[in-house]
Number of protein chains: 2
Amino acid sequence: MKKIVKHDQDVIKQHNKLMILDIIKKQRPISRAEITKITGMSATSIGRFVSELCEEGVIRETELTSSGVGRKAIMLDIEPGAIYTIGVDIEKKRINFGIMDFSETVIVYHRIDYQSQKANPEETAELICREIRGLIDREGIPYEKVIGVGVGVPGVIDYENGIVQLSTTFGWKGVAFADLIERELRIKTVIDNDLKVKILSEYLYGSAKGSNKTALIGIGTGIGSALIINGEVFRGGSNSAGELGHTTLDPNGNLCECGKRGCLQTYVDENSLILEARRVADISDVRQVFAAARNNERWAKEIVSRTALYIGITINNIVCMYNPDTVILSGELVENYREIVDLVEQHSEQVIWEPFKGKFKVIPSELRGDAIVMGAGALAMQHFAPLAGSWA
Amino acid sequence: MKKIVKHDQDVIKQHNKLMILDIIKKQRPISRAEITKITGMSATSIGRFVSELCEEGVIRETELTSSGVGRKAIMLDIEPGAIYTIGVDIEKKRINFGIMDFSETVIVYHRIDYQSQKANPEETAELICREIRGLIDREGIPYEKVIGVGVGVPGVIDYENGIVQLSTTFGWKGVAFADLIERELRIKTVIDNDLKVKILSEYLYGSAKGSNKTALIGIGTGIGSALIINGEVFRGGSNSAGELGHTTLDPNGNLCECGKRGCLQTYVDENSLILEARRVADISDVRQVFAAARNNERWAKEIVSRTALYIGITINNIVCMYNPDTVILSGELVENYREIVDLVEQHSEQVIWEPFKGKFKVIPSELRGDAIVMGAGALAMQHFAPLAGSWA
């Protein structure tokens with residue numbers, strides 16, 4: 001049953017004001033006249049709301065030559081410096097940071113090397129807080145204008161409670177990570193699974209812009225997926241939808257670190273390539289496998305081809321389950337070795353179920369390495385922008 | 001961007017009236033006073049709307065002893081005979097029908113034997129129309145009160161356009177089936193994939209009631225799945241999400257009717273059991289396999305156990321991808337042979353990924369054979385009830 005909407009005057013006013021802010025944010029720069037036209041509200045009302053928003057420092061007037069008649073027109077734009085968020089992307093071997101302003105532009109990136117695998121969560125959180133403080137300082141941003149921190153973490157994340165339930169990448173289990181950062185910085189913090197952050201980012205700023213049903217496959221250390229439908233990240237019952245890596249292919253197959261046999265990730269991630277390669281060569285890095293394949297070494301070509309086959313199967317399985325219109329291939333393995341993407345295409349004819357052929361497109365990630373920082377900043381913006389709760 | 005809501009008087013009135021109808025439908029019987037309390041609207045307004053709804057014949061007054069004080073109170077209930085829908089479930093060997101009234105009760109069921117596999121779609125539609133006409137006639141329902149027909153069809157269904165894109169069960173491809181029925185009966189018709197209809201039914205009336213993220217696995221001739229999230233059937237980009245049967249397990253595995261190798265359905269549906277059994281025995285029906293297993297014949301026990309293992313894997317894969325809180329096991333194979341469900345449970349420890357253990361429950365279908373007729377009736381109700389568009 002729908003909730004009863006009380007058509008209370010103040011509520012309507014607030015609703016209209018936020019709607020106008022939303023219009024300005026999405027169509028900036030825009031004139032008062034255009035807003036009047038879009039909303040159907042009176043010019044007087046629009047004028048009043050706009051004045052209020054200007055006074056609050058959320059929007060500003062800019063002068064622009066309008067394209068139509070050549071006259072100068074006063075246009076409205078949001079004030080990018082009204083508020084900021086911090087986006088954080090914890091990877092296995094480094095941590096990436098970015099400061100996002102109210103216009104959702106990342107105004108500065110920052111990157112540090114860090115062996116997250118060897119550190120405990122408290123130390124990692126401490127380091128992140130120190131780096132964020134330094135970054136805000138260096139940029140000369142008033143601390144109170146930073147309204148939120150967003151963090152992308154590989155693993156099973158309890159997003160509502162800010163808990164890393166399980167991150168095999170870092171060896172963390174049941175860590176209240178959002179709290180660690182929030183308490184130290186006194187800035188509200190939200191954490192989410194890295195691929196869910198990534199797909200949000202691709203949807204808002206990257207290759208999934210304008211697509212309504214996009215799946216993303218991330219292949220690097222491990223393999224995972226995410227789905228966004230009409231702008232909403234698909235979370236499932238406890239934010240763990242998309243854990244592709246532990247879907248079972250073969251009950252008698254390769255042993256997985258999770259203790260099961262035949263998990264997809266044992267056929268397709270970087271580790272599985274290296275393990276396979278070690279049967280015949282002294283290999284410590286996936287780069288060596290691809291170098292050998294480029295050098296026409298038969299064993300390496302076989303490994304790369306088999307990996308491509310399994311990536312194709314992964315695409316088929318994702319498409320069968322989620323029926324997206326777009327599949328984004330992302331992650332180090334496909335971003336660094338484009339030849340594997342070509343091979344995936346060659347396998348497609350064989351591995352994609354007939355009724356789905358031609359019904360979706362496979363595209364590479366557009367934002368690549370910056371996607372998670374941007375998405376984490378956006379996530380914090382969605383959660384903590386002062387008015388967000390009302391206009392969401 | 002949110003659409004601009006014009007707070008037009010008539011729109012608000014209509015909205016409130018439908019809200020009241022919705023409250024009566026969901027909480028019937030209910031008094032005017034209770035509706036006043038729930039909505040916060042004035043008793044006068046409620047009185048006026050209720051009178052209008054009574055005049056339109058959509059609701060009626062009933063006299064009931066209220067539980068509180070023992071005085072007789074006038075209660076409001078919907079008028080079950082206000083409108084009707086027809087639910088149709090086309091199976092391989094029979095067609096099931098039901099008439100659903102406005103209270104969403106199926107007032108009569110009807111069943112005919114029919115080899116849908118051997119019939120073309122036009123003949124099938126003709127037969128369905130003939131049976132529906134006879135059914136309405138026999139029940140003495142005014143024809144104009146039947147506002148919609150819903151049909152559940154196994155296969156890939158273009159639900160928005162009423163087209164059976166592919167039904168391997170019936171051998172139909174690109175059939176505008178809704179149109180065939182609608183033109184003949186002159187009653188609006190909606191068709192949908194059988195498992196999507198089934199999960200809607202289990203959500204509204206059966207074992208998924210009150211669950212917000214439920215997956216359903218259907219195992220019989222073929223295997224498929226469906227998902228419902230917060231009351232919305234998950235459709236994907238073109239209503240084909242959940243096509244579990246053609247997810248690939250093994251690129252070198254069993255040949256599937258679709259031309260690919262290693263599709264899940266070649267390991268787990270009735271056909272795969274029979275084919276496997278024929279290696280060692282002269283078997284034509286899955287019943288014989290289970291009879292032999294109950295008779296302790298080793299080959300049969302092995303087949304049943306292997307099938308249970310693959311059902312367990314299917315559950316794991318569904319849970320990894322959709323992260324539901326509930327998984328409904330349905331379809332002839334699990335409904336008719338409960339011993340296989342016990343075996344699935346035994347395999348669970350081995351096949352479910354650790355982080356998901358204890359996070360979801362596996363339950364049998366509650367509505368079983370009636371689910372699709374009920375769901376198809378409900379689907380037609382949701383689509384075609386005169387006011388539905390407004391209060392949906």
# chains A, B, ... in the order shown; residues from 1 in each chain; ligands from 1
call {"tool": "closest_atom_pairs", "arguments": {"of": "chain B", "to": "chain A", "cutoff": "7 Å", "atoms": "only C-alpha atoms", "output": "tab-separated table"}}
result
residue	atom	partner	partner_atom	distance
B:Ile4	CA	A:Thr39	CA	6.2
B:Thr39	CA	A:Ile4	CA	6.2
B:Lys213	CA	A:Gly237	CA	5.7
B:Gly236	CA	A:Asn323	CA	4.7
B:Gly237	CA	A:Pro324	CA	5.0
B:Ser238	CA	A:Asn323	CA	6.7
B:Ser240	CA	A:Asn323	CA	5.6
B:Ala241	CA	A:Asn323	CA	4.6
B:Gly242	CA	A:Met321	CA	4.5
B:Glu243	CA	A:Cys320	CA	4.8
B:Leu244	CA	A:Met321	CA	6.2
B:His246	CA	A:Trp353	CA	6.6
B:Thr247	CA	A:Asn317	CA	4.6
B:Thr248	CA	A:Ile313	CA	6.3
B:Leu249	CA	A:Leu249	CA	4.5
B:Asp250	CA	A:Leu249	CA	6.4
B:Lys260	CA	A:Val351	CA	6.6
B:Ile313	CA	A:Thr248	CA	6.3
B:Asn316	CA	A:Thr247	CA	6.5
B:Asn317	CA	A:Thr247	CA	4.6
B:Cys320	CA	A:Glu243	CA	4.8
B:Met321	CA	A:Gly242	CA	4.5
B:Tyr322	CA	A:Ala241	CA	4.7
B:Asn323	CA	A:Ala241	CA	4.6
B:Pro324	CA	A:Gly237	CA	5.0
B:Asp325	CA	A:Gly237	CA	5.6
B:Gln350	CA	A:Lys260	CA	6.8
B:Val351	CA	A:Lys260	CA	6.6
B:Trp353	CA	A:His246	CA	6.6
call {"tool": "residues_around", "arguments": {"residues": "Phe97 in chain B", "least_positions_apart": "6", "cutoff": "6 Å", "atoms": "only C-alpha atoms", "output": "JSON, numbers by chain"}}
result
{"B": [87, 88, 109, 110]}
call {"tool": "write_last_selection", "arguments": {"atoms": "all heavy atoms", "output": "short mmCIF file (atom, residue, chain, number, x, y, z; two decimals), in the first residue's frame"}}
result
data_model
loop_
_atom_site.label_atom_id
_atom_site.label_comp_id
_atom_site.auth_asym_id
_atom_site.auth_seq_id
_atom_site.Cartn_x
_atom_site.Cartn_y
_atom_site.Cartn_z
N GLY B 87 -7.27 -16.83 -15.76
CA GLY B 87 -5.88 -17.27 -15.74
C GLY B 87 -5.72 -18.55 -16.54
O GLY B 87 -6.54 -19.47 -16.41
N VAL B 88 -4.69 -18.61 -17.40
CA VAL B 88 -4.47 -19.80 -18.24
C VAL B 88 -3.03 -20.26 -18.08
O VAL B 88 -2.11 -19.45 -18.04
CB VAL B 88 -4.75 -19.50 -19.73
CG1 VAL B 88 -4.60 -20.75 -20.58
CG2 VAL B 88 -6.12 -18.86 -19.92
N TYR B 109 -11.94 -23.74 -11.25
CA TYR B 109 -10.82 -24.26 -12.04
C TYR B 109 -11.36 -25.15 -13.16
O TYR B 109 -12.43 -25.73 -13.02
CB TYR B 109 -9.87 -25.09 -11.17
CG TYR B 109 -9.01 -24.27 -10.25
CD1 TYR B 109 -9.40 -24.02 -8.93
CD2 TYR B 109 -7.79 -23.74 -10.68
CE1 TYR B 109 -8.61 -23.27 -8.07
CE2 TYR B 109 -6.99 -22.99 -9.82
CZ TYR B 109 -7.41 -22.76 -8.52
OH TYR B 109 -6.63 -22.02 -7.69
N HIS B 110 -10.59 -25.26 -14.21
CA HIS B 110 -10.99 -26.10 -15.33
C HIS B 110 -9.71 -26.64 -15.97
O HIS B 110 -8.70 -25.93 -16.02
CB HIS B 110 -11.79 -25.24 -16.32
CG HIS B 110 -12.16 -25.94 -17.59
ND1 HIS B 110 -12.86 -27.12 -17.61
CD2 HIS B 110 -11.93 -25.62 -18.89
CE1 HIS B 110 -13.04 -27.50 -18.86
NE2 HIS B 110 -12.48 -26.61 -19.66
#
call {"tool": "residues_around", "arguments": {"residues": "Leu195 in chain B", "least_positions_apart": "6", "cutoff": "12 Å", "atoms": "only C-alpha atoms", "output": "count of residues only"}}
result
45
call {"tool": "select_by_dssp", "arguments": {"residues": "range 26-262 of chain B", "states": "strand (DSSP E or B)", "output": "VMD selection string"}}
result
chain B and resid 30 59 to 65 72 to 78 84 to 90 94 to 101 106 to 113 146 to 153 156 to 158 163 to 167 172 to 175 189 to 193 213 to 220 222 to 229 232 to 233 248 255 261
call {"tool": "select_by_dssp", "arguments": {"residues": "range 38-121 of chain A", "states": "helix (DSSP H, G or I)", "output": "list in words"}}
result
Ile38, Thr39, Ala43, Thr44, Ser45, Ile46, Gly47, Arg48, Phe49, Val50, Ser51, Glu52, Leu53, Cys54, Glu55, Pro80, Gly81, Ala82, Ser116, Gln117, Lys118 and Pro121 of chain A
call {"tool": "atom_distance", "arguments": {"atom1": "CA of Arg130 in chain B", "atom2": "CA of Ile199 in chain B"}}
result
27.8 Å
call {"tool": "atom_distance", "arguments": {"atom1": "CA of Val197 in chain A", "atom2": "CA of Phe290 in chain A"}}
result
28.9 Å
call {"tool": "residues_around", "arguments": {"residues": "Ile59 in chain B", "least_positions_apart": "3", "cutoff": "12 Å", "atoms": "only C-alpha atoms", "output": "number ranges by chain"}}
result
B: 17-18, 20-25, 28-30, 49-56, 62, 75-83, 102-103
call {"tool": "closest_residue", "arguments": {"among": "A:Ile303, A:Val146, A:Ala43, A:Cys129", "to": "Leu180 in chain A", "atoms": "only C-alpha atoms"}}
result
A:Cys129
call {"tool": "atom_distance", "arguments": {"atom1": "CA of Ser45 in chain B", "atom2": "CA of His15 in chain B"}}
result
12.8 Å
